[in-house]
Each structure stands twice: as C-alpha cells, then as structure tokens.
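Visitor: Input work11.cif, format and content: mmCIF, C-alpha atoms.
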```cif
data_final
loop_
_atom_site.group_PDB
_atom_site.id
_atom_site.type_symbol
_atom_site.label_atom_id
_atom_site.label_comp_id
_atom_site.auth_asym_id
_atom_site.auth_seq_id
_atom_site.Cartn_x
_atom_site.Cartn_y
_atom_site.Cartn_z
ATOM 1 C CA MET A 1 -40.392 20.458 53.765
ATOM 2 C CA SER A 2 -36.873 20.031 52.429
ATOM 3 C CA ILE A 3 -35.928 20.785 48.842
ATOM 4 C CA ALA A 4 -35.166 17.098 48.320
ATOM 5 C CA SER A 5 -38.594 16.158 49.601
ATOM 6 C CA LEU A 6 -40.252 18.738 47.358
ATOM 7 C CA LEU A 7 -38.412 17.476 44.282
ATOM 8 C CA LYS A 8 -39.264 13.916 45.167
ATOM 9 C CA ASN A 9 -42.914 14.806 44.846
ATOM 10 C CA PHE A 10 -42.467 17.225 41.955
ATOM 11 C CA PRO A 11 -39.437 16.398 39.794
ATOM 12 C CA ALA A 12 -38.236 19.100 37.405
ATOM 13 C CA ASP A 13 -40.138 17.522 34.524
ATOM 14 C CA PHE A 14 -43.323 16.778 36.460
ATOM 15 C CA VAL A 15 -46.432 16.998 34.332
ATOM 16 C CA ASP A 16 -49.900 16.618 35.792
ATOM 17 C CA ASP A 17 -52.625 14.423 34.356
ATOM 18 C CA LYS A 18 -53.817 17.324 32.218
ATOM 19 C CA GLY A 19 -50.416 17.658 30.583
ATOM 20 C CA VAL A 20 -49.509 20.859 32.413
ATOM 21 C CA LYS A 21 -45.934 21.267 33.615
ATOM 22 C CA PHE A 22 -45.773 21.823 37.375
ATOM 23 C CA TRP A 23 -42.655 24.010 37.319
ATOM 24 C CA THR A 24 -43.874 26.909 35.269
ATOM 25 C CA ALA A 25 -43.700 30.620 36.105
ATOM 26 C CA PRO A 26 -44.024 32.015 38.681
ATOM 27 C CA LYS A 27 -42.812 28.761 40.287
ATOM 28 C CA MET A 28 -39.097 28.154 39.776
ATOM 29 C CA CYS A 29 -37.736 24.649 40.151
ATOM 30 C CA PRO A 30 -35.201 24.534 43.007
ATOM 31 C CA SER A 31 -32.203 22.229 43.197
ATOM 32 C CA VAL A 32 -30.628 20.335 46.065
ATOM 33 C CA LYS A 33 -27.278 21.692 47.137
ATOM 34 C CA VAL A 34 -24.505 19.128 47.224
ATOM 35 C CA PHE A 35 -21.494 19.654 49.423
ATOM 36 C CA SER A 36 -18.151 19.781 47.690
ATOM 37 C CA THR A 37 -14.772 20.721 49.082
ATOM 38 C CA ASN A 38 -14.204 22.554 45.795
ATOM 39 C CA ASP A 39 -17.268 24.728 46.301
ATOM 40 C CA PRO A 40 -16.392 27.712 48.516
ATOM 41 C CA ASP A 41 -20.051 28.388 49.340
ATOM 42 C CA SER A 42 -20.721 24.897 50.651
ATOM 43 C CA VAL A 43 -17.470 24.825 52.613
ATOM 44 C CA SER A 44 -18.247 28.229 54.086
ATOM 45 C CA PHE A 45 -21.755 27.186 55.148
ATOM 46 C CA VAL A 46 -20.572 24.013 56.854
ATOM 47 C CA PHE A 47 -17.578 25.730 58.460
ATOM 48 C CA HIS A 48 -19.599 28.551 60.022
ATOM 49 C CA THR A 49 -22.487 26.270 61.005
ATOM 50 C CA VAL A 50 -20.031 23.980 62.767
ATOM 51 C CA ASN A 51 -18.655 26.929 64.693
ATOM 52 C CA VAL A 52 -22.070 28.115 65.830
ATOM 53 C CA TYR A 53 -22.703 24.588 67.114
ATOM 54 C CA CYS A 54 -19.276 24.577 68.767
ATOM 55 C CA TYR A 55 -20.429 27.540 70.819
ATOM 56 C CA ILE A 56 -23.697 25.776 71.677
ATOM 57 C CA PHE A 57 -21.827 22.694 72.893
ATOM 58 C CA GLY A 58 -19.255 24.747 74.780
ATOM 59 C CA ARG A 59 -16.385 23.866 72.498
ATOM 60 C CA GLU A 60 -13.663 26.138 71.250
ATOM 61 C CA TYR A 61 -14.171 27.511 67.774
ATOM 62 C CA VAL A 62 -12.516 25.565 64.981
ATOM 63 C CA LYS A 63 -10.054 27.664 63.040
ATOM 64 C CA SER A 64 -8.960 25.158 60.423
ATOM 65 C CA VAL A 65 -11.156 25.089 57.338
ATOM 66 C CA ASP A 66 -9.147 22.136 56.073
ATOM 67 C CA LEU A 67 -10.067 20.127 59.167
ATOM 68 C CA ILE A 68 -13.765 20.771 58.565
ATOM 69 C CA LYS A 69 -13.395 19.838 54.905
ATOM 70 C CA HIS A 70 -11.781 16.568 55.943
ATOM 71 C CA LEU A 71 -14.385 15.747 58.599
ATOM 72 C CA ALA A 72 -17.262 16.656 56.308
ATOM 73 C CA GLU A 73 -16.167 14.011 53.839
ATOM 74 C CA GLU A 74 -14.983 11.340 56.262
ATOM 75 C CA ASN A 75 -17.415 8.408 56.216
ATOM 76 C CA PHE A 76 -20.280 10.735 55.428
ATOM 77 C CA THR A 77 -23.509 9.203 54.352
ATOM 78 C CA ASN A 78 -26.383 11.430 53.508
ATOM 79 C CA HIS A 79 -29.247 9.714 55.201
ATOM 80 C CA PHE A 80 -31.859 11.699 53.402
ATOM 81 C CA VAL A 81 -35.076 10.099 54.381
ATOM 82 C CA ASP A 82 -38.380 11.637 53.599
ATOM 83 C CA LYS A 83 -39.446 11.052 57.161
ATOM 84 C CA PHE A 84 -42.890 12.329 56.545
ATOM 85 C CA GLY A 85 -43.230 10.367 53.307
ATOM 86 C CA ARG A 86 -45.761 12.865 52.134
ATOM 87 C CA LYS A 87 -47.214 12.959 48.677
ATOM 88 C CA PHE A 88 -49.019 15.870 47.129
ATOM 89 C CA ASN A 89 -51.470 16.330 44.363
ATOM 90 C CA GLU A 90 -51.071 18.873 41.578
ATOM 91 C CA LYS A 91 -52.591 21.570 43.746
ATOM 92 C CA GLY A 92 -50.012 21.015 46.430
ATOM 93 C CA GLU A 93 -52.531 19.365 48.720
ATOM 94 C CA GLU A 94 -51.220 16.496 50.765
ATOM 95 C CA ILE A 95 -52.490 13.060 49.832
ATOM 96 C CA LYS A 96 -53.157 11.198 53.052
ATOM 97 C CA GLU A 97 -52.286 7.538 52.656
ATOM 98 C CA ASP A 98 -51.794 6.769 56.311
ATOM 99 C CA ASP A 99 -53.466 9.120 58.724
ATOM 100 C CA ASP A 100 -51.640 7.533 61.654
ATOM 101 C CA ALA A 101 -48.099 7.906 60.273
ATOM 102 C CA ASP A 102 -47.408 11.251 61.948
ATOM 103 C CA GLU A 103 -48.856 10.109 65.254
ATOM 104 C CA GLN A 104 -46.719 6.976 65.149
ATOM 105 C CA LEU A 105 -43.585 8.980 64.394
ATOM 106 C CA LEU A 106 -44.295 11.437 67.193
ATOM 107 C CA GLU A 107 -45.025 8.627 69.626
ATOM 108 C CA ALA A 108 -41.726 6.951 68.712
ATOM 109 C CA ASN A 109 -39.916 10.246 69.352
ATOM 110 C CA ARG A 110 -41.692 10.675 72.688
ATOM 111 C CA LYS A 111 -40.720 7.174 73.806
ATOM 112 C CA GLU A 112 -37.129 7.772 72.794
ATOM 113 C CA LEU A 113 -37.086 11.046 74.701
ATOM 114 C CA GLU A 114 -38.503 9.390 77.800
ATOM 115 C CA SER A 115 -35.796 6.736 77.661
ATOM 116 C CA LEU A 116 -32.921 9.216 77.534
ATOM 117 C CA GLN A 117 -30.326 8.863 80.249
ATOM 118 C CA ASN A 118 -27.350 10.960 81.335
ATOM 119 C CA LEU A 119 -29.186 14.223 80.987
ATOM 120 C CA SER A 120 -26.861 16.700 82.531
ATOM 121 C CA GLY A 121 -25.723 20.139 81.637
ATOM 122 C CA LEU A 122 -27.457 22.681 79.511
ATOM 123 C CA LEU A 123 -26.459 23.924 76.111
ATOM 124 C CA GLN A 124 -25.366 27.490 75.568
ATOM 125 C CA LEU A 125 -28.093 29.552 74.016
ATOM 126 C CA VAL A 126 -26.869 31.588 71.068
ATOM 127 C CA GLN A 127 -27.400 35.295 71.460
ATOM 128 C CA PHE A 128 -27.219 36.858 68.031
ATOM 129 C CA GLU A 129 -24.521 39.514 67.909
ATOM 130 C CA LYS A 130 -23.866 41.121 64.555
ATOM 131 C CA ASP A 131 -20.925 43.262 65.599
ATOM 132 C CA ASP A 132 -18.597 40.476 66.659
ATOM 133 C CA ASP A 133 -16.866 38.959 63.626
ATOM 134 C CA ARG A 134 -15.473 36.126 65.712
ATOM 135 C CA ASN A 135 -18.818 34.478 66.508
ATOM 136 C CA HIS A 136 -19.649 33.338 62.929
ATOM 137 C CA HIS A 137 -23.230 34.650 63.150
ATOM 138 C CA ILE A 138 -23.126 36.986 60.170
ATOM 139 C CA ASP A 139 -21.016 34.479 58.224
ATOM 140 C CA PHE A 140 -23.650 31.814 58.829
ATOM 141 C CA ILE A 141 -26.440 34.081 57.615
ATOM 142 C CA HIS A 142 -24.393 35.242 54.621
ATOM 143 C CA MET B 1 -33.246 27.754 64.190
ATOM 144 C CA PHE B 2 -30.496 27.429 66.778
ATOM 145 C CA SER B 3 -32.306 29.305 69.527
ATOM 146 C CA GLN B 4 -35.497 27.244 69.292
ATOM 147 C CA GLN B 5 -33.587 23.965 69.294
ATOM 148 C CA VAL B 6 -31.322 24.879 72.195
ATOM 149 C CA SER B 7 -34.185 26.360 74.157
ATOM 150 C CA ASP B 8 -36.222 23.167 73.660
ATOM 151 C CA TYR B 9 -33.266 21.023 74.706
ATOM 152 C CA ASN B 10 -32.615 23.026 77.842
ATOM 153 C CA THR B 11 -36.283 23.008 78.779
ATOM 154 C CA PHE B 12 -36.416 19.245 78.254
ATOM 155 C CA VAL B 13 -33.361 18.694 80.458
ATOM 156 C CA GLY B 14 -34.562 21.073 83.145
ATOM 157 C CA ASP B 15 -38.276 20.406 83.161
ATOM 158 C CA ARG B 16 -39.732 17.654 80.991
ATOM 159 C CA ALA B 17 -43.271 18.506 82.009
ATOM 160 C CA LYS B 18 -42.831 22.056 80.754
ATOM 161 C CA PHE B 19 -41.330 20.788 77.512
ATOM 162 C CA ASN B 20 -44.328 18.534 76.940
ATOM 163 C CA LYS B 21 -46.660 21.375 77.821
ATOM 164 C CA ASP B 22 -44.871 23.685 75.352
ATOM 165 C CA LEU B 23 -45.235 21.087 72.630
ATOM 166 C CA ARG B 24 -49.006 21.136 72.939
ATOM 167 C CA GLY B 25 -49.049 24.543 71.303
ATOM 168 C CA SER B 26 -47.439 23.196 68.140
ATOM 169 C CA ASN B 27 -48.995 21.454 65.198
ATOM 170 C CA MET B 28 -48.114 17.841 64.452
ATOM 171 C CA ARG B 29 -45.286 18.680 62.042
ATOM 172 C CA GLU B 30 -43.677 21.072 64.503
ATOM 173 C CA LYS B 31 -43.984 18.538 67.312
ATOM 174 C CA ILE B 32 -42.116 15.959 65.251
ATOM 175 C CA LEU B 33 -39.379 18.388 64.226
ATOM 176 C CA ARG B 34 -38.936 19.741 67.762
ATOM 177 C CA THR B 35 -38.705 16.291 69.348
ATOM 178 C CA GLU B 36 -36.251 15.180 66.644
ATOM 179 C CA ALA B 37 -34.088 18.223 67.267
ATOM 180 C CA VAL B 38 -33.874 17.452 70.986
ATOM 181 C CA LEU B 39 -32.929 13.852 70.228
ATOM 182 C CA LYS B 40 -30.262 14.997 67.778
ATOM 183 C CA LEU B 41 -28.725 17.489 70.206
ATOM 184 C CA HIS B 42 -28.735 14.896 72.961
ATOM 185 C CA ALA B 43 -26.966 12.376 70.729
ATOM 186 C CA ILE B 44 -24.261 14.901 69.872
ATOM 187 C CA LYS B 45 -23.911 16.021 73.480
ATOM 188 C CA GLN B 46 -23.148 12.464 74.567
ATOM 189 C CA LEU B 47 -20.024 12.567 72.419
ATOM 190 C CA SER B 48 -16.821 14.399 73.115
ATOM 191 C CA GLY B 49 -13.594 15.402 71.452
ATOM 192 C CA ASP B 50 -13.039 14.517 67.824
ATOM 193 C CA ALA B 51 -16.111 12.289 67.670
ATOM 194 C CA GLN B 52 -18.347 15.161 68.706
ATOM 195 C CA LEU B 53 -16.752 17.546 66.224
ATOM 196 C CA LYS B 54 -17.232 15.015 63.456
ATOM 197 C CA ALA B 55 -20.900 14.568 64.407
ATOM 198 C CA ILE B 56 -21.393 18.326 64.405
ATOM 199 C CA THR B 57 -19.734 18.606 61.012
ATOM 200 C CA HIS B 58 -21.884 15.875 59.499
ATOM 201 C CA HIS B 59 -24.973 17.510 60.964
ATOM 202 C CA ALA B 60 -23.955 20.822 59.374
ATOM 203 C CA ARG B 61 -23.427 19.122 56.028
ATOM 204 C CA GLN B 62 -26.834 17.455 56.276
ATOM 205 C CA LEU B 63 -28.375 20.867 56.862
ATOM 206 C CA TYR B 64 -26.648 22.130 53.728
ATOM 207 C CA GLU B 65 -27.865 19.224 51.598
ATOM 208 C CA LYS B 66 -31.351 19.121 53.034
#
```
Would you write out, as structure tokens, the structure that this file holds?
Guide:
Amino acid sequence: MSIASLLKNFPADFVDDKGVKFWTAPKMCPSVKVFSTNDPDSVSFVFHTVNVYCYIFGREYVKSVDLIKHLAEENFTNHFVDKFGRKFNEKGEEIKEDDDADEQLLEANRKELESLQNLSGLLQLVQFEKDDDRNHHIDFIH
Amino acid sequence: MFSQQVSDYNTFVGDRAKFNKDLRGSNMREKILRTEAVLKLHAIKQLSGDAQLKAITHHARQLYEK
C-alpha cells in the first residue's frame, strides 16, 4: 500500500466511531513526499533512480542533474490512483465492497499482457555492487 | 524492486508460460503488482531517445511521490 493510499483511508485527523484518534503512539502519521526541484533529497532520489533504470534499459547514464530536473517537471501529471480502492476499518481490516474487483483488475492486466506485440530484447538485470560509485546503487539506497 | 521487475519482464518475454506459472505462487495483490510492472517496463521499452528518458524520469518521480 502506498503512503497516499494509507492516508486516503486514514487522514491525519481520523477519529473512529468511538472518538479515538487513529494516529496515536506508537503509530506515527506519515506524509506523502512531493517532488520539488528545490529539494535536494527528491532530486537525488529521482536522479539516481533514473540512472538505475538507464542501466536496465541499456542506456548511457545521465550525468546532468539539471536535465533530470527539467524532465521531471515537464508535463508531469501525478496519476495517483488508488488502483485497489481499498477501504479499511479502524482495526486495519479491509472492508470488502466488491470481491471481484481484484480479479477483474488482474484479468485486465492478463489480457493486456497477452496482446503485447514487438516483444524483443531482454532488459539488463541489475547486479547490486556496492563498491562501484558510478552505478548509482548506493546513492539510490541512501 | 528492480531485480524482481526485470526478472519478471525477461521471463515474460522469453517464456510466457513460465511467467504465468511463476505468478501462481503469488497472492492476488502480488499478481496485480507484478503484471503491472511488466506492462510498465514494456511501455517504456517501446520508446527510445528523449521520449524514453522522459518516461523513465516520470516513472522515477511517481515512485518518489507514491
């Protein structure tokens, strides 16, 4: 479950029907990270993630952080969709409103997979290597 | 994260029957996430040049804001 999905079900001020706040110790309310070109952490995450994917797709590493900043903002729309649309009760148990929803979603994915064309070439599997500073692995984890 | 996704993609490309067989060992949520990951990688792989880099970058940003 994503943080956004969790907060959708349990907003920071969520109170159950007995008047008890959901986000009380030891549970700490998380927050969704929002990308900003002024936030070094978010830029760093996107930059190093992009470079790991560049390796996977057989591309050269990107050296320009400014280019990634630009691309990250260009026509970006965050299509956050709670694909699973799940709701939970106060105990964190899922409330099943449509038992077939998951099956329908999986079936749609299967059909889309079966219809795929132009399947050629494999992706490069990432082999974690901590001692090579050029591969962005440690930077991604950090 | 990366290894599972890439491994699934490569298995799907090389042997769909094996991919489907592998999926049987997953629960429903994992099946959905694994099939979505393969679809996403395929969509990006169809692109090239600047368009592919942009798609990768947006995917990375979506991971950050998830």
Visitor: Give one line per residue of chain B that approaches chain A to at most 6 Å, naming the two atoms of the closest pair and their distance in Å to one decimal, counting only C-alpha atoms; sort by chain then ascending residue number and deliver it as a tab-separated table.
Guide:
```
residue	atom	partner	partner_atom	distance
B:Val6	CA	A:Leu125	CA	6.0
B:Asn10	CA	A:Leu122	CA	5.4
B:Ile32	CA	A:Leu106	CA	5.4
B:Lys54	CA	A:Leu71	CA	5.7
B:Thr57	CA	A:Ala72	CA	5.7
B:His58	CA	A:Ala72	CA	5.7
B:Ala60	CA	A:Val46	CA	5.3
B:Arg61	CA	A:Val46	CA	5.7
B:Glu65	CA	A:Lys33	CA	5.1
B:Lys66	CA	A:Ser2	CA	5.6
```
Visitor: Where does the PyMOL selection byres ((chain A and resi 22) around 12) land in this file, that is, which residues does it pick, as a list in words?
Guide: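 Checking the PyMOL selection byres ((chain A and resi 22) around 12) against this file, the residues are Leu6, Leu7, Asn9, Phe10, Pro11, Ala12, Asp13, Phe14, Val15, Asp16, Asp17, Lys18, Gly19, Val20, Lys21, Trp23, Thr24, Ala25, Pro26, Lys27, Met28, Cys29, Phe88, Asn89, Glu90, Lys91 and Gly92 of chain A.
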Visitor: Using only C-alpha atoms, pick whichever of A:Asp139, A:Asp66, A:Glu60, A:Asp132 has the shortest atom-to-atom distance to Gly49 in chain B.
Guide: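 Nearest to Gly49 in chain B: A:Glu60.
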Visitor: One decimal, in Å: what's the spacing between CA of Ala43 in chain B and CA of Phe140 in chain A?
Guide: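 That distance, rounded to one decimal, is 23.0 Å.
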Visitor: Which is closer to Thr35 in chain B than all the others in B:Ala55, B:Phe2, B:Leu23, B:Gly14, using only C-alpha atoms?
Guide: B:Leu23
